file data_32.txt (compact mmCIF, C-alpha atoms and all ligand atoms)
# COMPACT_ATOMS: atom_id res chain seq x y z
CA MET L 1 -25.72 10.95 -7.22
CA SER L 2 -22.31 9.50 -6.48
CA VAL L 3 -19.43 9.76 -4.02
CA THR L 4 -15.75 9.81 -4.96
CA VAL L 5 -12.95 8.96 -2.54
CA ARG L 6 -9.24 9.44 -3.14
CA VAL L 7 -6.91 6.88 -1.53
CA PRO L 8 -3.10 6.89 -1.41
CA ALA L 9 -0.52 4.20 -2.11
CA LYS L 10 1.99 3.24 0.59
CA VAL L 11 5.62 2.38 0.91
CA ASN L 12 6.92 0.38 3.86
CA VAL L 13 9.94 2.18 5.24
CA GLN L 14 10.44 -0.73 7.62
CA LEU L 15 8.99 -4.19 7.18
CA ALA L 16 10.20 -6.51 9.94
CA VAL L 17 8.74 -10.00 9.52
CA GLY L 18 8.50 -12.64 12.24
CA ALA L 19 8.17 -16.40 11.89
CA ALA L 20 4.99 -17.85 10.33
CA ARG L 21 2.16 -18.07 12.88
CA PRO L 22 -0.14 -21.10 13.23
CA ASP L 23 -2.75 -19.24 11.10
CA GLY L 24 -0.19 -18.84 8.30
CA PHE L 25 0.13 -15.07 8.74
CA HIS L 26 3.31 -13.44 10.01
CA ASP L 27 3.63 -11.02 12.88
CA LEU L 28 5.02 -7.77 11.56
CA ALA L 29 6.51 -4.50 12.64
CA ASN L 30 5.38 -2.59 9.61
CA VAL L 31 6.13 1.11 9.28
CA PHE L 32 3.82 2.47 6.61
CA LEU L 33 4.20 5.80 4.87
CA ALA L 34 1.37 6.94 2.58
CA VAL L 35 2.60 8.58 -0.62
CA GLY L 36 0.92 10.83 -3.16
CA LEU L 37 0.01 8.26 -5.79
CA TYR L 38 -3.73 7.75 -5.74
CA ASP L 39 -6.63 5.62 -6.83
CA GLU L 40 -10.04 7.28 -6.99
CA VAL L 41 -13.05 5.17 -6.15
CA THR L 42 -16.51 6.40 -7.18
CA VAL L 43 -19.70 4.70 -6.02
CA THR L 44 -23.07 5.32 -7.66
CA PRO L 45 -26.41 3.66 -6.83
CA ALA L 46 -27.18 0.97 -9.43
CA ASP L 47 -29.42 -2.07 -10.02
CA GLY L 48 -26.80 -4.42 -8.60
CA LEU L 49 -23.16 -4.57 -7.50
CA ARG L 50 -20.84 -3.88 -10.40
CA VAL L 51 -17.13 -2.95 -10.59
CA THR L 52 -15.38 -1.17 -13.44
CA CYS L 53 -11.81 0.02 -13.63
CA ALA L 54 -9.86 2.42 -15.83
CA GLY L 55 -6.15 3.15 -15.97
CA PRO L 56 -2.93 1.74 -17.42
CA ASP L 57 -3.12 -1.51 -15.36
CA ALA L 58 -6.92 -1.85 -15.52
CA ALA L 59 -6.84 -5.12 -17.48
CA GLN L 60 -5.22 -6.87 -14.50
CA VAL L 61 -7.87 -5.79 -12.00
CA PRO L 62 -10.53 -8.43 -11.16
CA LEU L 63 -14.03 -6.99 -11.64
CA ASP L 64 -15.90 -9.70 -9.75
CA ARG L 65 -16.71 -10.02 -6.05
CA THR L 66 -13.11 -10.93 -5.22
CA ASN L 67 -12.16 -7.28 -5.79
CA LEU L 68 -11.49 -5.74 -2.37
CA ALA L 69 -13.69 -2.76 -3.31
CA ALA L 70 -16.64 -5.11 -3.94
CA ARG L 71 -15.89 -7.01 -0.73
CA ALA L 72 -15.81 -3.74 1.21
CA ALA L 73 -19.23 -2.71 -0.14
CA VAL L 74 -20.70 -6.12 0.72
CA ALA L 75 -19.17 -6.12 4.23
CA LEU L 76 -20.52 -2.65 5.02
CA ALA L 77 -23.93 -3.44 3.52
CA GLU L 78 -24.21 -6.62 5.61
CA ARG L 79 -23.48 -4.74 8.83
CA TYR L 80 -25.94 -1.94 8.15
CA GLY L 81 -28.76 -3.85 6.45
CA GLN L 82 -28.14 -2.19 3.09
CA ASP L 83 -28.44 -3.68 -0.36
CA PRO L 84 -24.93 -3.33 -1.88
CA ALA L 85 -26.45 -2.22 -5.17
CA VAL L 86 -23.72 0.15 -6.31
CA HIS L 87 -21.59 0.70 -9.34
CA ILE L 88 -18.00 1.00 -8.09
CA HIS L 89 -15.66 2.66 -10.53
CA ILE L 90 -11.93 2.60 -9.81
CA ALA L 91 -9.72 5.17 -11.54
CA LYS L 92 -6.51 3.27 -10.99
CA ASP L 93 -3.13 4.96 -10.80
CA ILE L 94 -1.48 2.75 -8.14
CA PRO L 95 0.38 -0.19 -9.72
CA VAL L 96 -1.46 -3.52 -9.59
CA ALA L 97 0.22 -6.37 -7.62
CA GLY L 98 3.04 -3.90 -6.98
CA GLY L 99 3.56 -3.94 -3.21
CA MET L 100 2.04 -0.46 -2.84
CA ALA L 101 -1.33 -1.52 -1.39
CA GLY L 102 -3.31 -0.67 -4.52
CA GLY L 103 -5.94 -3.34 -3.85
CA SER L 104 -6.14 -2.30 -0.21
CA ALA L 105 -6.57 1.33 -1.27
CA ASP L 106 -9.59 0.35 -3.37
CA GLY L 107 -11.07 -1.58 -0.43
CA ALA L 108 -10.68 1.39 1.92
CA GLY L 109 -11.91 3.79 -0.77
CA ALA L 110 -15.07 1.81 -1.53
CA LEU L 111 -15.77 1.46 2.19
CA VAL L 112 -15.54 5.19 2.85
CA ALA L 113 -17.49 5.99 -0.33
CA CYS L 114 -20.33 3.56 0.43
CA ASP L 115 -20.39 4.78 4.02
CA ALA L 116 -20.86 8.36 2.80
CA LEU L 117 -23.44 7.32 0.19
CA TRP L 118 -25.55 5.28 2.60
CA GLY L 119 -25.04 7.54 5.62
CA THR L 120 -24.55 4.53 7.90
CA GLY L 121 -23.21 6.59 10.79
CA ALA L 122 -20.50 3.96 11.33
CA SER L 123 -17.76 5.08 13.71
CA ARG L 124 -14.14 5.28 12.59
CA ALA L 125 -13.44 2.24 14.82
CA GLU L 126 -16.16 0.21 13.08
CA LEU L 127 -14.80 1.15 9.66
CA LEU L 128 -11.30 0.15 10.78
CA ASP L 129 -12.68 -3.21 12.00
CA ILE L 130 -14.14 -3.90 8.57
CA CYS L 131 -10.85 -2.82 6.97
CA ALA L 132 -8.92 -5.31 9.12
CA GLU L 133 -11.30 -8.10 8.03
CA LEU L 134 -10.69 -7.20 4.39
CA GLY L 135 -6.89 -7.36 4.56
CA SER L 136 -3.82 -6.56 6.63
CA ASP L 137 -2.97 -3.31 4.79
CA VAL L 138 -6.52 -1.97 4.38
CA PRO L 139 -6.71 -0.13 7.74
CA PHE L 140 -3.61 1.86 6.83
CA SER L 141 -5.10 2.85 3.47
CA LEU L 142 -8.00 4.36 5.42
CA VAL L 143 -5.87 6.38 7.86
CA GLY L 144 -2.87 7.34 5.69
CA GLY L 145 -0.07 9.54 7.00
CA ALA L 146 2.48 7.31 8.69
CA ALA L 147 1.79 4.49 11.10
CA LEU L 148 3.32 1.48 12.78
CA GLY L 149 1.32 -1.66 12.09
CA VAL L 150 1.76 -4.70 14.33
CA GLY L 151 0.00 -8.05 14.44
CA ARG L 152 -0.68 -8.84 10.78
CA GLY L 153 0.03 -5.15 10.19
CA GLU L 154 -3.58 -4.17 10.91
CA LYS L 155 -3.10 -2.86 14.47
CA LEU L 156 -2.06 0.72 13.88
CA THR L 157 -0.43 3.46 15.88
CA ALA L 158 -0.14 6.80 14.11
CA LEU L 159 3.41 8.14 13.80
CA GLU L 160 4.65 11.68 13.84
CA VAL L 161 6.39 12.84 10.66
CA GLY L 162 8.44 16.03 10.77
CA GLY L 163 8.78 16.75 7.06
CA THR L 164 8.09 15.64 3.51
CA PHE L 165 9.98 12.70 2.02
CA HIS L 166 10.56 12.55 -1.74
CA TRP L 167 10.36 9.17 -3.44
CA VAL L 168 10.81 7.64 -6.83
CA PHE L 169 8.98 4.41 -7.64
CA ALA L 170 10.03 2.05 -10.41
CA MET L 171 7.22 -0.21 -11.60
CA ALA L 172 8.27 -3.65 -12.79
CA ALA L 173 7.29 -5.46 -15.95
CA ARG L 174 5.18 -7.99 -14.05
CA GLY L 175 3.52 -8.30 -10.63
CA LEU L 176 4.38 -10.45 -7.61
CA SER L 177 1.81 -12.23 -5.46
CA THR L 178 2.04 -11.27 -1.79
CA PRO L 179 1.30 -14.82 -0.51
CA ALA L 180 4.01 -16.17 -2.86
CA VAL L 181 6.55 -13.71 -1.45
CA PHE L 182 5.67 -14.66 2.14
CA ARG L 183 5.98 -18.36 1.17
CA GLU L 184 9.42 -17.65 -0.27
CA PHE L 185 10.30 -15.80 2.97
CA ASP L 186 9.32 -18.98 4.88
CA ARG L 187 11.38 -21.15 2.53
CA LEU L 188 14.47 -18.93 2.90
CA ALA L 189 13.92 -18.83 6.69
CA GLU L 190 13.83 -22.62 7.10
CA GLY L 191 16.16 -23.63 9.94
CA VAL L 192 16.88 -19.99 10.80
CA ASP L 193 15.91 -18.48 14.15
CA ILE L 194 13.65 -15.54 13.26
CA PRO L 195 13.65 -12.77 15.88
CA GLU L 196 10.45 -11.08 17.00
CA PRO L 197 9.77 -8.12 14.70
CA ILE L 198 10.26 -4.74 16.37
CA ALA L 199 10.17 -1.19 15.04
CA SER L 200 13.55 0.50 14.66
CA GLN L 201 13.92 3.48 17.00
CA PRO L 202 16.41 5.28 14.69
CA LEU L 203 13.85 4.90 11.88
CA LEU L 204 11.00 6.32 13.99
CA ASP L 205 13.30 9.20 15.04
CA ALA L 206 14.21 9.90 11.40
CA LEU L 207 10.53 10.07 10.46
CA ALA L 208 9.76 12.35 13.40
CA LYS L 209 12.62 14.66 12.43
CA GLY L 210 11.81 14.60 8.72
CA ASP L 211 15.47 13.74 8.09
CA PRO L 212 15.95 11.93 4.73
CA ASP L 213 19.58 10.93 5.36
CA ALA L 214 18.72 9.37 8.72
CA LEU L 215 15.68 7.66 7.18
CA ALA L 216 17.81 6.33 4.32
CA ALA L 217 20.24 4.81 6.82
CA ALA L 218 17.41 3.11 8.71
CA VAL L 219 15.02 1.71 6.04
CA SER L 220 14.74 -2.07 5.85
CA ASN L 221 12.52 -4.71 4.31
CA ASP L 222 12.72 -8.33 5.47
CA LEU L 223 10.70 -9.40 2.41
CA GLN L 224 13.32 -8.00 0.03
CA PRO L 225 15.46 -11.18 -0.19
CA ALA L 226 12.31 -13.21 -0.95
CA ALA L 227 11.13 -10.73 -3.60
CA LEU L 228 14.61 -10.72 -5.18
CA SER L 229 14.71 -14.51 -5.12
CA LEU L 230 11.44 -14.65 -7.11
CA PHE L 231 12.32 -11.65 -9.30
CA PRO L 232 16.15 -11.43 -9.55
CA GLU L 233 16.06 -8.63 -12.18
CA LEU L 234 14.90 -6.22 -9.45
CA ALA L 235 18.51 -6.11 -8.24
CA ASP L 236 19.40 -4.27 -11.48
CA THR L 237 16.72 -1.65 -10.82
CA LEU L 238 17.98 -1.14 -7.26
CA THR L 239 21.55 -0.77 -8.54
CA ALA L 240 20.48 1.73 -11.24
CA GLY L 241 18.65 3.89 -8.66
CA ARG L 242 21.59 3.86 -6.26
CA ALA L 243 23.96 4.79 -9.08
CA ALA L 244 21.67 7.71 -9.94
CA GLY L 245 22.13 9.13 -6.44
CA ALA L 246 19.19 7.75 -4.47
CA LEU L 247 19.81 7.97 -0.72
CA ALA L 248 18.20 4.56 -0.26
CA ALA L 249 16.86 1.86 -2.58
CA LEU L 250 14.51 -0.89 -1.46
CA VAL L 251 11.71 -3.15 -2.57
CA SER L 252 8.32 -1.71 -1.60
CA GLY L 253 6.48 -4.20 0.64
CA SER L 254 6.25 -7.56 -1.10
CA GLY L 255 7.31 -5.93 -4.37
CA PRO L 256 8.02 -5.85 -7.17
CA THR L 257 7.81 -2.03 -7.17
CA THR L 258 11.15 -0.61 -6.03
CA ALA L 259 11.32 2.59 -3.98
CA PHE L 260 14.08 5.19 -3.97
CA LEU L 261 14.42 7.95 -1.40
CA ALA L 262 15.76 11.29 -2.62
CA ARG L 263 16.85 14.37 -0.67
CA ASP L 264 14.55 16.84 -2.46
CA PRO L 265 12.22 17.07 -5.48
CA GLY L 266 15.11 17.96 -7.82
CA ALA L 267 17.12 14.91 -6.79
CA ALA L 268 13.98 12.77 -7.16
CA ALA L 269 13.48 14.04 -10.73
CA GLN L 270 17.11 13.18 -11.51
CA VAL L 271 16.80 9.64 -10.10
CA ALA L 272 13.52 9.19 -11.98
CA GLN L 273 15.09 10.24 -15.25
CA ALA L 274 18.05 7.91 -14.80
CA LEU L 275 15.80 4.98 -13.89
CA ALA L 276 13.56 5.60 -16.89
CA ALA L 277 16.63 5.57 -19.14
CA SER L 278 18.11 2.46 -17.48
CA GLY L 279 15.79 -0.01 -19.17
CA THR L 280 15.43 -1.89 -15.87
CA CYS L 281 11.75 -1.08 -15.23
CA ARG L 282 8.40 -0.50 -16.96
CA THR L 283 7.54 2.99 -15.71
CA VAL L 284 8.82 5.46 -13.16
CA ARG L 285 6.83 7.79 -10.91
CA THR L 286 7.74 10.34 -8.27
CA ALA L 287 5.58 10.90 -5.18
CA ALA L 288 5.99 12.55 -1.81
CA GLY L 289 4.85 11.35 1.59
CA PRO L 290 3.19 11.47 4.01
CA ALA L 291 -0.13 11.73 2.15
CA ALA L 292 -3.63 11.84 3.63
CA GLY L 293 -5.65 8.63 3.93
CA ALA L 294 -8.97 7.88 2.21
CA THR L 295 -10.69 11.23 1.64
CA VAL L 296 -14.07 12.06 0.14
CA ILE L 297 -13.36 14.47 -2.71
CA ALA L 298 -16.80 14.65 -4.33
CA ARG L 299 -20.24 13.90 -2.96
CA PRO L 300 -23.84 14.63 -3.88
CA SER L 301 -24.42 18.37 -3.97
CA HIS L 302 -27.59 18.19 -1.84
CA GLU L 303 -25.59 17.01 1.21
O1 LIG L 401 -4.04 -9.72 4.76
P1 LIG L 401 -3.88 -9.90 3.29
O2 LIG L 401 -5.07 -10.59 2.67
O3 LIG L 401 -3.53 -8.66 2.57
O4 LIG L 401 -2.65 -10.87 3.11
C1 LIG L 401 -2.33 -11.45 1.88
C2 LIG L 401 -1.41 -12.63 2.12
O5 LIG L 401 -0.14 -12.16 2.56
C3 LIG L 401 -1.87 -13.58 3.20
O6 LIG L 401 -2.72 -14.56 2.68
C4 LIG L 401 -0.56 -14.17 3.70
O7 LIG L 401 -0.12 -15.15 2.79
C5 LIG L 401 0.39 -13.01 3.55
N1 LIG L 401 0.56 -12.25 4.82
C6 LIG L 401 1.27 -12.81 5.86
N2 LIG L 401 1.44 -12.11 7.01
C7 LIG L 401 0.93 -10.87 7.14
C8 LIG L 401 0.22 -10.27 6.09
C9 LIG L 401 0.05 -10.99 4.92
O8 LIG L 401 1.75 -13.94 5.76
N3 LIG L 401 1.13 -10.20 8.27
call {"tool": "encode", "arguments": {"input": "data_32.txt", "output": "structure tokens"}}
result
Amino acid sequence: MSVTVRVPAKVNVQLAVGAARPDGFHDLANVFLAVGLYDEVTVTPADGLRVTCAGPDAAQVPLDRTNLAARAAVALAERYGQDPAVHIHIAKDIPVAGGMAGGSADGAGALVACDALWGTGASRAELLDICAELGSDVPFSLVGGAALGVGRGEKLTALEVGGTFHWVFAMAARGLSTPAVFREFDRLAEGVDIPEPIASQPLLDALAKGDPDALAAAVSNDLQPAALSLFPELADTLTAGRAAGALAALVSGSGPTTAFLARDPGAAAQVAQALAASGTCRTVRTAAGPAAGATVIARPSHE
């Protein structure tokens, strides 16, 4: 008896970052778009809490209680008086430490899976509360689609999307730590007046229209200079994607995955091929967005 949940990766089409707050976090205007690259999280009753992981990046995934999937199971169990005795298996396809919310996806996936397994009856709002405790990007992994996140990025408003956007993602040879990228942002921002982060209206309009050219003109990522400062070779990947005809090229979130917007699936395949041949990245994937949030895809047959 087990439950499997599929959870998407995300790209930030806008990431506006404010000055560091007293608690060390940064206020954001974070426009998330879920894309069709997925982790699958399966939970099965077991003698104790255990995490396993399979996939190309599995060796880099912590299997102890620091894993967001384990933390999600513990947080839900504590609220509902359950024993978090589950085996959590993560079939990992989202790059690890890549700026695509792979860890957050596993947290949201384990939460939804344990919730279905235990039948807690938790409301969506309660699940979102637990997600926000787990991490700034976890609520979005639960809801998927497209959303504006403010505060740390955890306060979400769903956004209308009027079409499908086609993306190419170039995975880098190594990961980048999100806190390190925010620290570098702070270092680069020293002595600079940082404006309050606000969502770009042209960007929201482009999403609503489903217009890739307008979206390409409006995408932005305030963490990109910090990511490039820590990982200068990413500039070569961005250049290679632009040269291959991408409408827009940007670092995804805190990086180091780079994201390329294409007009249609054919153009995306062309950009992907050129990037793979460029020698500037480890692997290349195509994915379309918006994609659905955490979804139960298999559950016990007696339910
Ligand atoms: O919320 P989460 O645990 O995913 O954040 C990871 C790290 O990213 C934080 O410890 C902080 O250094 C940085 N962060 C930030 N401002 C945000 C979100 C994350 O500074 N809004």
call {"tool": "atom_distance", "arguments": {"input": "data_32.txt", "atom1": "atom CA of L:Gly163", "atom2": "atom CA of L:Ala262"}}
result
13.1 Å
call {"tool": "residues_near_ligand", "arguments": {"input": "data_32.txt", "ligand": "ligand LIG 401 (chain L)", "cutoff": "6 Å", "atoms": "all atoms listed in the file", "output": "VMD selection string"}}
result
chain L and resid 24 to 28 135 to 137 152 to 153 178 to 179 182
call {"tool": "write_last_selection", "arguments": {"input": "data_32.txt", "atoms": "C-alpha atoms", "output": "PDB file, in the coordinates of the input"}}
result
ATOM      1  CA  GLY L  24      -0.190 -18.840   8.300  1.00  0.00           C
ATOM      2  CA  PHE L  25       0.130 -15.070   8.740  1.00  0.00           C
ATOM      3  CA  HIS L  26       3.310 -13.440  10.010  1.00  0.00           C
ATOM      4  CA  ASP L  27       3.630 -11.020  12.880  1.00  0.00           C
ATOM      5  CA  LEU L  28       5.020  -7.770  11.560  1.00  0.00           C
ATOM      6  CA  GLY L 135      -6.890  -7.360   4.560  1.00  0.00           C
ATOM      7  CA  SER L 136      -3.820  -6.560   6.630  1.00  0.00           C
ATOM      8  CA  ASP L 137      -2.970  -3.310   4.790  1.00  0.00           C
ATOM      9  CA  ARG L 152      -0.680  -8.840  10.780  1.00  0.00           C
ATOM     10  CA  GLY L 153       0.030  -5.150  10.190  1.00  0.00           C
ATOM     11  CA  THR L 178       2.040 -11.270  -1.790  1.00  0.00           C
ATOM     12  CA  PRO L 179       1.300 -14.820  -0.510  1.00  0.00           C
ATOM     13  CA  PHE L 182       5.670 -14.660   2.140  1.00  0.00           C
TER      14      PHE L 182
END
call {"tool": "closest_residue", "arguments": {"input": "data_32.txt", "among": "L:Ala180, L:Val43, L:Leu203, L:Val5", "to": "L:Ala108", "atoms": "only C-alpha atoms"}}
result
L:Val5
call {"tool": "residues_around", "arguments": {"input": "data_32.txt", "residues": "L:Asp186", "least_positions_apart": "3", "cutoff": "12 Å", "atoms": "all atoms listed in the file", "output": "list in words"}}
result
Val17, Gly18, Ala19, Ala20, Arg21, Gly24, Phe25, His26, Pro179, Ala180, Val181, Phe182, Arg183, Ala189, Glu190, Gly191, Val192, Asp193, Ile194, Asp222, Leu223, Pro225, Ala226 and Ala227 of chain L
call {"tool": "write_last_selection", "arguments": {"input": "data_32.txt", "atoms": "C-alpha atoms", "output": "mmCIF file, in the coordinates of the input"}}
result
data_model
loop_
_atom_site.group_PDB
_atom_site.id
_atom_site.type_symbol
_atom_site.label_atom_id
_atom_site.label_comp_id
_atom_site.auth_asym_id
_atom_site.auth_seq_id
_atom_site.Cartn_x
_atom_site.Cartn_y
_atom_site.Cartn_z
ATOM 1 C CA VAL L 17 8.740 -10.000 9.520
ATOM 2 C CA GLY L 18 8.500 -12.640 12.240
ATOM 3 C CA ALA L 19 8.170 -16.400 11.890
ATOM 4 C CA ALA L 20 4.990 -17.850 10.330
ATOM 5 C CA ARG L 21 2.160 -18.070 12.880
ATOM 6 C CA GLY L 24 -0.190 -18.840 8.300
ATOM 7 C CA PHE L 25 0.130 -15.070 8.740
ATOM 8 C CA HIS L 26 3.310 -13.440 10.010
ATOM 9 C CA PRO L 179 1.300 -14.820 -0.510
ATOM 10 C CA ALA L 180 4.010 -16.170 -2.860
ATOM 11 C CA VAL L 181 6.550 -13.710 -1.450
ATOM 12 C CA PHE L 182 5.670 -14.660 2.140
ATOM 13 C CA ARG L 183 5.980 -18.360 1.170
ATOM 14 C CA ALA L 189 13.920 -18.830 6.690
ATOM 15 C CA GLU L 190 13.830 -22.620 7.100
ATOM 16 C CA GLY L 191 16.160 -23.630 9.940
ATOM 17 C CA VAL L 192 16.880 -19.990 10.800
ATOM 18 C CA ASP L 193 15.910 -18.480 14.150
ATOM 19 C CA ILE L 194 13.650 -15.540 13.260
ATOM 20 C CA ASP L 222 12.720 -8.330 5.470
ATOM 21 C CA LEU L 223 10.700 -9.400 2.410
ATOM 22 C CA PRO L 225 15.460 -11.180 -0.190
ATOM 23 C CA ALA L 226 12.310 -13.210 -0.950
ATOM 24 C CA ALA L 227 11.130 -10.730 -3.600
#
call {"tool": "closest_residue", "arguments": {"input": "data_32.txt", "among": "L:Gln270, L:Thr257, L:Asn12, L:Ser200", "to": "L:Arg282", "atoms": "only C-alpha atoms"}}
result
L:Thr257
call {"tool": "atom_distance", "arguments": {"input": "data_32.txt", "atom1": "atom CA of L:Thr164", "atom2": "atom CA of L:Gly210"}}
result
6.5 Å
call {"tool": "residues_around", "arguments": {"input": "data_32.txt", "residues": "stretch 113-119 of chain L", "least_positions_apart": "3", "cutoff": "8 Å", "atoms": "all atoms listed in the file", "output": "list in words"}}
result
Ser2, Val3, Thr4, Val5, Val41, Thr42, Val43, Ala73, Leu76, Gln82, Gly109, Ala110, Ala122, Val296 and Arg299 of chain L
call {"tool": "closest_residue", "arguments": {"input": "data_32.txt", "among": "L:Leu159, L:Ala75, L:Ala170, L:Ile88", "to": "L:Thr237", "atoms": "all atoms listed in the file"}}
result
L:Ala170
call {"tool": "closest_residue", "arguments": {"input": "data_32.txt", "among": "L:Asp129, L:Asp205, L:Glu233, L:Glu154", "to": "L:Ala72", "atoms": "only C-alpha atoms"}}
result
L:Asp129
call {"tool": "atom_distance", "arguments": {"input": "data_32.txt", "atom1": "atom CA of L:Thr283", "atom2": "atom CA of L:Leu63"}}
result
24.1 Å
call {"tool": "residues_around", "arguments": {"input": "data_32.txt", "residues": "L:Leu142", "least_positions_apart": "5", "cutoff": "10 Å", "atoms": "only C-alpha atoms", "output": "PDB file with C-alpha atoms, in the frame of the given file"}}
result
ATOM      1  CA  VAL L   7      -6.910   6.880  -1.530  1.00  0.00           C
ATOM      2  CA  PRO L   8      -3.100   6.890  -1.410  1.00  0.00           C
ATOM      3  CA  SER L 104      -6.140  -2.300  -0.210  1.00  0.00           C
ATOM      4  CA  ALA L 105      -6.570   1.330  -1.270  1.00  0.00           C
ATOM      5  CA  ASP L 106      -9.590   0.350  -3.370  1.00  0.00           C
ATOM      6  CA  GLY L 107     -11.070  -1.580  -0.430  1.00  0.00           C
ATOM      7  CA  ALA L 108     -10.680   1.390   1.920  1.00  0.00           C
ATOM      8  CA  GLY L 109     -11.910   3.790  -0.770  1.00  0.00           C
ATOM      9  CA  LEU L 111     -15.770   1.460   2.190  1.00  0.00           C
ATOM     10  CA  VAL L 112     -15.540   5.190   2.850  1.00  0.00           C
ATOM     11  CA  ARG L 124     -14.140   5.280  12.590  1.00  0.00           C
ATOM     12  CA  LEU L 127     -14.800   1.150   9.660  1.00  0.00           C
ATOM     13  CA  LEU L 128     -11.300   0.150  10.780  1.00  0.00           C
ATOM     14  CA  CYS L 131     -10.850  -2.820   6.970  1.00  0.00           C
ATOM     15  CA  ASP L 137      -2.970  -3.310   4.790  1.00  0.00           C
ATOM     16  CA  ALA L 292      -3.630  11.840   3.630  1.00  0.00           C
ATOM     17  CA  GLY L 293      -5.650   8.630   3.930  1.00  0.00           C
ATOM     18  CA  ALA L 294      -8.970   7.880   2.210  1.00  0.00           C
ATOM     19  CA  THR L 295     -10.690  11.230   1.640  1.00  0.00           C
TER      20      THR L 295
END
